[in-house]
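Peer 1: PDB, C-alpha atoms, saved as entry_26.pdb, coming up:
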ATOM      1  CA  VAL P 574     -23.013 -46.776 182.030
ATOM      2  CA  ALA P 575     -23.753 -48.998 179.063
ATOM      3  CA  ALA P 576     -20.110 -49.973 178.425
ATOM      4  CA  PRO P 577     -19.607 -51.998 181.643
ATOM      5  CA  LEU P 578     -22.923 -53.747 181.026
ATOM      6  CA  LYS P 579     -21.810 -54.752 177.537
ATOM      7  CA  ARG P 580     -18.481 -56.039 178.812
ATOM      8  CA  SER P 581     -20.173 -58.080 181.543
ATOM      9  CA  ARG P 582     -22.567 -59.635 179.028
ATOM     10  CA  ALA P 583     -19.660 -60.510 176.759
ATOM     11  CA  VAL P 584     -17.615 -62.107 179.556
ATOM     12  CA  LEU P 585     -20.451 -64.152 181.062
ATOM     13  CA  PRO P 586     -20.727 -66.761 178.253
ATOM     14  CA  LEU P 587     -16.961 -67.275 178.327
ATOM     15  CA  ALA P 588     -17.072 -67.758 182.091
ATOM     16  CA  VAL P 589     -19.804 -70.382 181.782
ATOM     17  CA  LEU P 590     -17.908 -72.218 179.043
ATOM     18  CA  GLY P 591     -14.673 -72.000 181.006
ATOM     19  CA  ALA P 592     -16.266 -73.459 184.126
ATOM     20  CA  SER P 593     -17.629 -76.350 182.086
ATOM     21  CA  ALA P 594     -14.209 -77.009 180.575
ATOM     22  CA  VAL P 595     -12.613 -77.092 184.030
ATOM     23  CA  LEU P 596     -15.148 -79.645 185.202
ATOM     24  CA  ALA P 597     -14.478 -81.794 182.160
ATOM     25  CA  LEU P 598     -10.688 -81.607 182.547
ATOM     26  CA  ARG P 599     -10.925 -82.595 186.179
ATOM     27  CA  ALA P 600     -12.883 -85.636 185.076
ATOM     28  CA  LEU P 601     -10.098 -86.503 182.605
ATOM     29  CA  ARG P 602      -7.441 -87.099 185.284
ATOM     30  CA  PRO P 603      -4.683 -89.610 184.403
ATOM     31  CA  GLY P 604      -6.237 -92.446 186.413
ATOM     32  CA  LEU P 605      -9.243 -92.446 184.114
ATOM     33  CA  LEU P 606      -7.471 -92.172 180.775
ATOM     34  CA  PHE P 607      -8.956 -95.467 179.658
ATOM     35  CA  ALA P 608     -12.446 -94.781 180.941
ATOM     36  CA  SER P 609     -15.539 -96.815 180.309
ATOM     37  CA  PRO P 610     -17.941 -95.766 177.546
ATOM     38  CA  GLU P 611     -20.394 -94.599 180.228
ATOM     39  CA  ALA P 612     -17.769 -92.260 181.727
ATOM     40  CA  VAL P 613     -16.828 -90.902 178.292
ATOM     41  CA  ALA P 614     -20.500 -90.248 177.540
ATOM     42  CA  CYS P 615     -20.880 -88.456 180.884
ATOM     43  CA  ARG P 616     -17.928 -86.181 180.184
ATOM     44  CA  ARG P 617     -19.250 -85.503 176.685
ATOM     45  CA  ASN P 618     -22.579 -84.469 178.200
ATOM     46  CA  VAL P 619     -20.798 -82.096 180.584
ATOM     47  CA  LEU P 620     -19.023 -80.344 177.739
ATOM     48  CA  LEU P 621     -22.190 -80.204 175.649
ATOM     49  CA  SER P 622     -24.187 -78.764 178.547
ATOM     50  CA  GLY P 623     -21.594 -76.054 179.099
ATOM     51  CA  ALA P 624     -21.525 -75.113 175.432
ATOM     52  CA  LEU P 625     -25.316 -74.942 175.262
ATOM     53  CA  ALA P 626     -25.470 -72.839 178.420
ATOM     54  CA  ALA P 627     -22.901 -70.406 177.048
ATOM     55  CA  ALA P 628     -24.785 -70.151 173.762
ATOM     56  CA  ALA P 629     -28.053 -69.522 175.585
ATOM     57  CA  VAL P 630     -26.545 -66.723 177.663
ATOM     58  CA  ALA P 631     -24.956 -65.145 174.604
ATOM     59  CA  ALA P 632     -28.204 -65.308 172.637
ATOM     60  CA  ALA P 633     -30.332 -63.887 175.443
ATOM     61  CA  PRO P 634     -31.653 -60.401 174.636
ATOM     62  CA  ALA P 635     -29.602 -57.668 176.222
ATOM     63  CA  ALA P 636     -31.313 -55.668 178.927
ATOM     64  CA  PRO P 637     -31.856 -52.063 177.879
ATOM     65  CA  ALA P 638     -29.294 -49.651 179.226
ATOM     66  CA  VAL P 639     -30.771 -47.328 181.793
ATOM     67  CA  ALA P 640     -29.424 -44.207 183.385
ATOM     68  CA  ALA P 641     -27.716 -45.028 186.652
ATOM     69  CA  GLU P 642     -28.771 -43.395 189.871
ATOM     70  CA  PHE P 643     -26.259 -42.548 192.575
ATOM     71  CA  PRO P 644     -26.834 -41.444 196.175
ATOM     72  CA  LEU P 645     -27.047 -37.658 196.517
ATOM     73  CA  LEU P 646     -26.556 -37.252 192.755
ATOM     74  CA  GLY P 647     -29.891 -38.561 191.497
ATOM     75  CA  LYS P 648     -30.381 -39.770 187.949
ATOM     76  CA  VAL P 649     -27.394 -39.324 185.639
ATOM     77  CA  ARG P 650     -28.483 -37.953 182.275
ATOM     78  CA  GLY P 651     -27.619 -39.680 179.013
ATOM     79  CA  PRO P 652     -25.109 -38.233 176.513
ATOM     80  CA  PHE P 653     -27.811 -36.331 174.573
ATOM     81  CA  GLU P 654     -29.987 -35.326 177.518
ATOM     82  CA  VAL P 655     -29.637 -31.673 178.466
ATOM     83  CA  ASP P 656     -31.266 -29.900 181.372
ATOM     84  CA  PRO P 657     -33.265 -27.014 179.818
ATOM     85  CA  LYS P 658     -32.308 -24.862 182.803
ATOM     86  CA  GLU P 659     -28.652 -25.214 181.788
ATOM     87  CA  ALA P 660     -29.245 -24.419 178.107
ATOM     88  CA  ILE P 661     -27.180 -21.622 176.599
ATOM     89  CA  ILE P 662     -29.038 -19.466 174.088
ATOM     90  CA  VAL P 663     -26.802 -17.724 171.556
ATOM     91  CA  GLY P 664     -29.476 -16.632 169.071
ATOM     92  CA  ASP P 665     -32.206 -14.012 169.218
ATOM     93  CA  ILE P 666     -35.056 -15.562 171.195
ATOM     94  CA  ASN P 667     -37.245 -12.534 170.430
ATOM     95  CA  SER P 668     -36.885 -12.720 166.662
ATOM     96  CA  ALA P 669     -39.990 -13.201 164.499
ATOM     97  CA  ASP P 670     -38.804 -16.671 163.467
ATOM     98  CA  SER P 671     -38.291 -17.771 167.074
ATOM     99  CA  LYS P 672     -41.695 -16.482 168.165
ATOM    100  CA  ALA P 673     -43.401 -18.172 165.210
ATOM    101  CA  ALA P 674     -41.669 -21.456 166.067
ATOM    102  CA  LYS P 675     -42.938 -21.347 169.661
ATOM    103  CA  VAL P 676     -46.457 -20.583 168.447
ATOM    104  CA  MET P 677     -46.355 -23.543 166.065
ATOM    105  CA  ILE P 678     -45.049 -25.967 168.702
ATOM    106  CA  ASN P 679     -47.655 -24.791 171.208
ATOM    107  CA  ARG P 680     -50.405 -25.170 168.616
ATOM    108  CA  TYR P 681     -49.547 -28.818 167.977
ATOM    109  CA  LEU P 682     -49.149 -29.445 171.702
ATOM    110  CA  THR P 683     -52.630 -28.057 172.371
ATOM    111  CA  SER P 684     -54.116 -30.214 169.598
ATOM    112  CA  VAL P 685     -52.453 -33.330 171.007
ATOM    113  CA  GLU P 686     -53.656 -32.619 174.532
ATOM    114  CA  GLU P 687     -57.207 -32.043 173.278
ATOM    115  CA  ALA P 688     -57.097 -35.336 171.350
ATOM    116  CA  ARG P 689     -55.850 -37.151 174.449
ATOM    117  CA  ALA P 690     -58.669 -35.666 176.552
ATOM    118  CA  ALA P 691     -61.211 -36.674 173.888
ATOM    119  CA  LEU P 692     -60.112 -40.312 174.165
ATOM    120  CA  ASP P 693     -60.641 -40.186 177.918
ATOM    121  CA  LYS P 694     -64.240 -39.061 177.384
ATOM    122  CA  ASP P 695     -64.983 -41.411 174.500
ATOM    123  CA  GLU P 696     -62.661 -44.247 173.496
ATOM    124  CA  GLN P 697     -64.177 -44.205 169.990
ATOM    125  CA  SER P 698     -63.788 -40.460 169.552
ATOM    126  CA  ASP P 699     -62.782 -39.404 166.036
ATOM    127  CA  ILE P 700     -59.549 -37.472 166.486
ATOM    128  CA  THR P 701     -58.347 -37.736 162.897
ATOM    129  CA  THR P 702     -58.752 -33.955 162.598
ATOM    130  CA  LEU P 703     -55.392 -33.857 164.380
ATOM    131  CA  LEU P 704     -53.714 -35.212 161.278
ATOM    132  CA  LYS P 705     -52.477 -32.714 158.699
ATOM    133  CA  PRO P 706     -50.571 -33.333 155.450
ATOM    134  CA  LEU P 707     -47.647 -31.069 156.404
ATOM    135  CA  ALA P 708     -47.591 -31.753 160.146
ATOM    136  CA  ILE P 709     -44.173 -33.390 160.308
ATOM    137  CA  SER P 710     -42.671 -30.761 158.036
ATOM    138  CA  GLU P 711     -44.029 -27.957 160.231
ATOM    139  CA  ILE P 712     -42.872 -29.658 163.434
ATOM    140  CA  ARG P 713     -39.388 -30.160 161.993
ATOM    141  CA  GLN P 714     -39.158 -26.555 160.785
ATOM    142  CA  ALA P 715     -40.324 -25.135 164.121
ATOM    143  CA  THR P 716     -37.988 -27.304 166.197
ATOM    144  CA  ASN P 717     -35.100 -26.473 163.843
ATOM    145  CA  SER P 718     -35.684 -22.800 164.615
ATOM    146  CA  ILE P 719     -35.419 -23.518 168.349
ATOM    147  CA  ASN P 720     -32.338 -25.641 167.737
ATOM    148  CA  ASN P 721     -30.636 -22.782 165.881
ATOM    149  CA  LEU P 722     -30.904 -20.602 168.969
ATOM    150  CA  MET P 723     -28.723 -22.905 171.068
ATOM    151  CA  ASP P 724     -25.009 -23.471 171.439
ATOM    152  CA  ASP P 725     -23.715 -26.859 170.310
ATOM    153  CA  ALA P 726     -24.149 -28.643 173.650
ATOM    154  CA  SER P 727     -27.683 -27.335 174.197
ATOM    155  CA  ALA P 728     -28.621 -28.035 170.579
ATOM    156  CA  ALA P 729     -27.898 -31.733 171.146
ATOM    157  CA  GLY P 730     -30.650 -31.804 173.768
ATOM    158  CA  VAL P 731     -33.101 -30.007 171.471
ATOM    159  CA  GLN P 732     -32.323 -32.375 168.600
ATOM    160  CA  ARG P 733     -33.002 -35.382 170.830
ATOM    161  CA  LEU P 734     -36.450 -34.026 171.694
ATOM    162  CA  GLN P 735     -37.070 -33.151 168.061
ATOM    163  CA  ARG P 736     -36.416 -36.762 167.065
ATOM    164  CA  LEU P 737     -38.761 -38.022 169.781
ATOM    165  CA  MET P 738     -41.535 -35.665 168.686
ATOM    166  CA  ILE P 739     -41.265 -36.636 165.028
ATOM    167  CA  GLN P 740     -41.086 -40.338 165.864
ATOM    168  CA  GLU P 741     -44.214 -40.104 168.021
ATOM    169  CA  TRP P 742     -46.018 -38.180 165.281
ATOM    170  CA  TYR P 743     -45.278 -40.886 162.727
ATOM    171  CA  LEU P 744     -46.796 -43.405 165.152
ATOM    172  CA  ILE P 745     -49.781 -41.124 165.764
ATOM    173  CA  GLU P 746     -50.457 -41.048 162.036
ATOM    174  CA  ASP P 747     -50.351 -44.856 161.940
ATOM    175  CA  ASP P 748     -52.651 -45.577 164.879
ATOM    176  CA  ILE P 749     -55.145 -42.722 165.130
ATOM    177  CA  PRO P 750     -57.227 -43.600 162.027
ATOM    178  CA  PHE P 751     -59.946 -46.174 162.670
ATOM    179  CA  PRO P 752     -59.106 -49.675 161.450
ATOM    180  CA  LEU P 753     -60.790 -50.966 158.311
ATOM    181  CA  SER P 754     -62.166 -54.400 157.570
ATOM    182  CA  LYS P 755     -61.075 -56.371 154.508
ATOM    183  CA  LYS P 756     -64.091 -54.910 152.696
ATOM    184  CA  GLY P 757     -63.124 -51.354 153.637
ATOM    185  CA  ALA P 758     -65.723 -50.888 156.362
ATOM    186  CA  VAL P 759     -64.725 -48.697 159.306
ATOM    187  CA  MET P 760     -64.330 -50.709 162.509
ATOM    188  CA  SER P 761     -64.253 -49.625 166.143
ATOM    189  CA  ARG P 762     -60.945 -48.911 167.851
ATOM    190  CA  GLY P 763     -59.722 -51.914 169.866
ATOM    191  CA  SER P 764     -58.159 -51.687 173.324
ATOM    192  CA  ALA P 765     -54.629 -52.306 172.026
ATOM    193  CA  ARG P 766     -54.963 -49.587 169.389
ATOM    194  CA  LEU P 767     -56.504 -47.247 171.946
ATOM    195  CA  ASN P 768     -53.600 -47.735 174.341
ATOM    196  CA  ARG P 769     -51.103 -47.114 171.546
ATOM    197  CA  CYS P 770     -52.877 -43.889 170.586
ATOM    198  CA  LYS P 771     -52.829 -42.660 174.171
ATOM    199  CA  GLY P 772     -49.168 -43.589 174.567
ATOM    200  CA  HIS P 773     -48.114 -41.787 171.374
ATOM    201  CA  LEU P 774     -50.080 -38.656 172.276
ATOM    202  CA  GLU P 775     -48.597 -38.607 175.772
ATOM    203  CA  GLY P 776     -45.093 -39.222 174.443
ATOM    204  CA  TYR P 777     -45.375 -36.363 171.972
ATOM    205  CA  ALA P 778     -46.764 -33.998 174.600
ATOM    206  CA  LYS P 779     -43.996 -34.850 177.054
ATOM    207  CA  ALA P 780     -41.189 -34.251 174.547
ATOM    208  CA  SER P 781     -42.866 -31.069 173.277
ATOM    209  CA  LYS P 782     -43.220 -29.588 176.756
ATOM    210  CA  GLU P 783     -39.597 -30.341 177.589
ATOM    211  CA  LEU P 784     -38.435 -28.729 174.349
ATOM    212  CA  LEU P 785     -40.431 -25.584 175.114
ATOM    213  CA  GLU P 786     -38.572 -25.318 178.426
ATOM    214  CA  PHE P 787     -35.447 -24.444 176.414
ATOM    215  CA  VAL P 788     -37.112 -21.175 175.320
ATOM    216  CA  PRO P 789     -39.165 -19.975 178.323
TER     217      PRO P 789
END
Starting from the coordinates I provided, produce the structure as structure tokens.
Peer 2:
Amino acid sequence: VAAPLKRSRAVLPLAVLGASAVLALRALRPGLLFASPEAVACRRNVLLSGALAAAAVAAAPAAPAVAAEFPLLGKVRGPFEVDPKEAIIVGDINSADSKAAKVMINRYLTSVEEARAALDKDEQSDITTLLKPLAISEIRQATNSINNLMDDASAAGVQRLQRLMIQEWYLIEDDIPFPLSKKGAVMSRGSARLNRCKGHLEGYAKASKELLEFVP
């Protein structure tokens, strides 16, 4: 889906520049070869306007690629998105390692959900108890165990969710602690920081729940 969007963005500046050039060439017809300075300045402005317009379109930020939706088909999944219901498990889901991985993922999910609920009750709630020195290492190890149960295609979906979980956890570690003043005094959590905390907790919980669907 993203490829046609990229091609259209690449062609658009050229189309704008080409249209400007056509307008300028039409102004330079043989009857006006020896044009007045005012006419020359006008044509120069036309060319300059076209070039600036093309540059502006080319420099404009690209719109993020989104999954296309088609009638009767619904939302088309991205290349690394895998429906957990279609996952193929080739490992032993009942092994001690697999069970321990599910327990670990559920434990972090419960902690995140409790922290999110605490912020709803009190925006200045201290939820730093959620943070642990080896959290990311434990999350990576547990999700790797789930990943090892899957075939290659299904593993791609698990790895995508693993990356999302770890990314959100890094952001949780950045935003959950209370801000400090220049003198080191603890300050209250502002609305922007509060919203970021809620968003990171929700993002982690969402990815974690979807990953657990691979090993019901």
Peer 1: Rank P:Pro750, P:Pro657, P:Pro652, P:Gly757 by their smallest atom-to-atom distance to Ile700 (chain P), using only C-alpha atoms, and report the top residue only.
Peer 2: P:Pro750
Peer 1: Please report the interatomic distance between CA of Leu734 (chain P) and CA of Ala780 (chain P) in Å with one decimal.
Peer 2: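 Value for the CA of Leu734 (chain P)-CA of Ala780 (chain P) distance: 5.5 Å.
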Peer 1: Could you expand the PyMOL selection byres ((chain P and resi 760-770) around 10) into the explicit residues it covers here, written as a list in words?
Peer 2: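 Selected by the PyMOL selection byres ((chain P and resi 760-770) around 10) here: Ala688, Arg689, Leu692, Glu696, Gln697, Ser698, Asp699, Glu741, Leu744, Ile745, Glu746, Asp747, Asp748, Ile749, Pro750, Phe751, Pro752, Leu753, Ser754, Gly757, Ala758, Val759, Lys771, Gly772, His773, Leu774, Glu775 and Gly776 of chain P.
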Peer 1: Would you work out the distance separating CA of Ala715 (chain P) from CA of Met677 (chain P), expressed in Å to one decimal?
Peer 2: 6.5 Å
Peer 1: Can you measure CA of Tyr743 (chain P) to CA of Phe653 (chain P) for me? One decimal in Å is fine.
Peer 2: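 Separating CA of Tyr743 (chain P) from CA of Phe653 (chain P) is a distance of 21.6 Å.
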Peer 1: Ranking P:Ala669, P:Ala728, P:Leu682, P:Ile661 by minimum distance to Lys779 (chain P) and counting all atoms listed in the file, which one comes first?
Peer 2: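 Once distances to Lys779 (chain P) are computed over all atoms listed in the file, the minimum belongs to P:Leu682.
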Peer 1: Name all residues at most 8 Å from Ile678 (chain P) (count all atoms listed in the file; drop same-chain ones fewer than 6 positions away) and give them as a PyMOL selection string.
Peer 2: chain P and resi 712+715-716+781+785
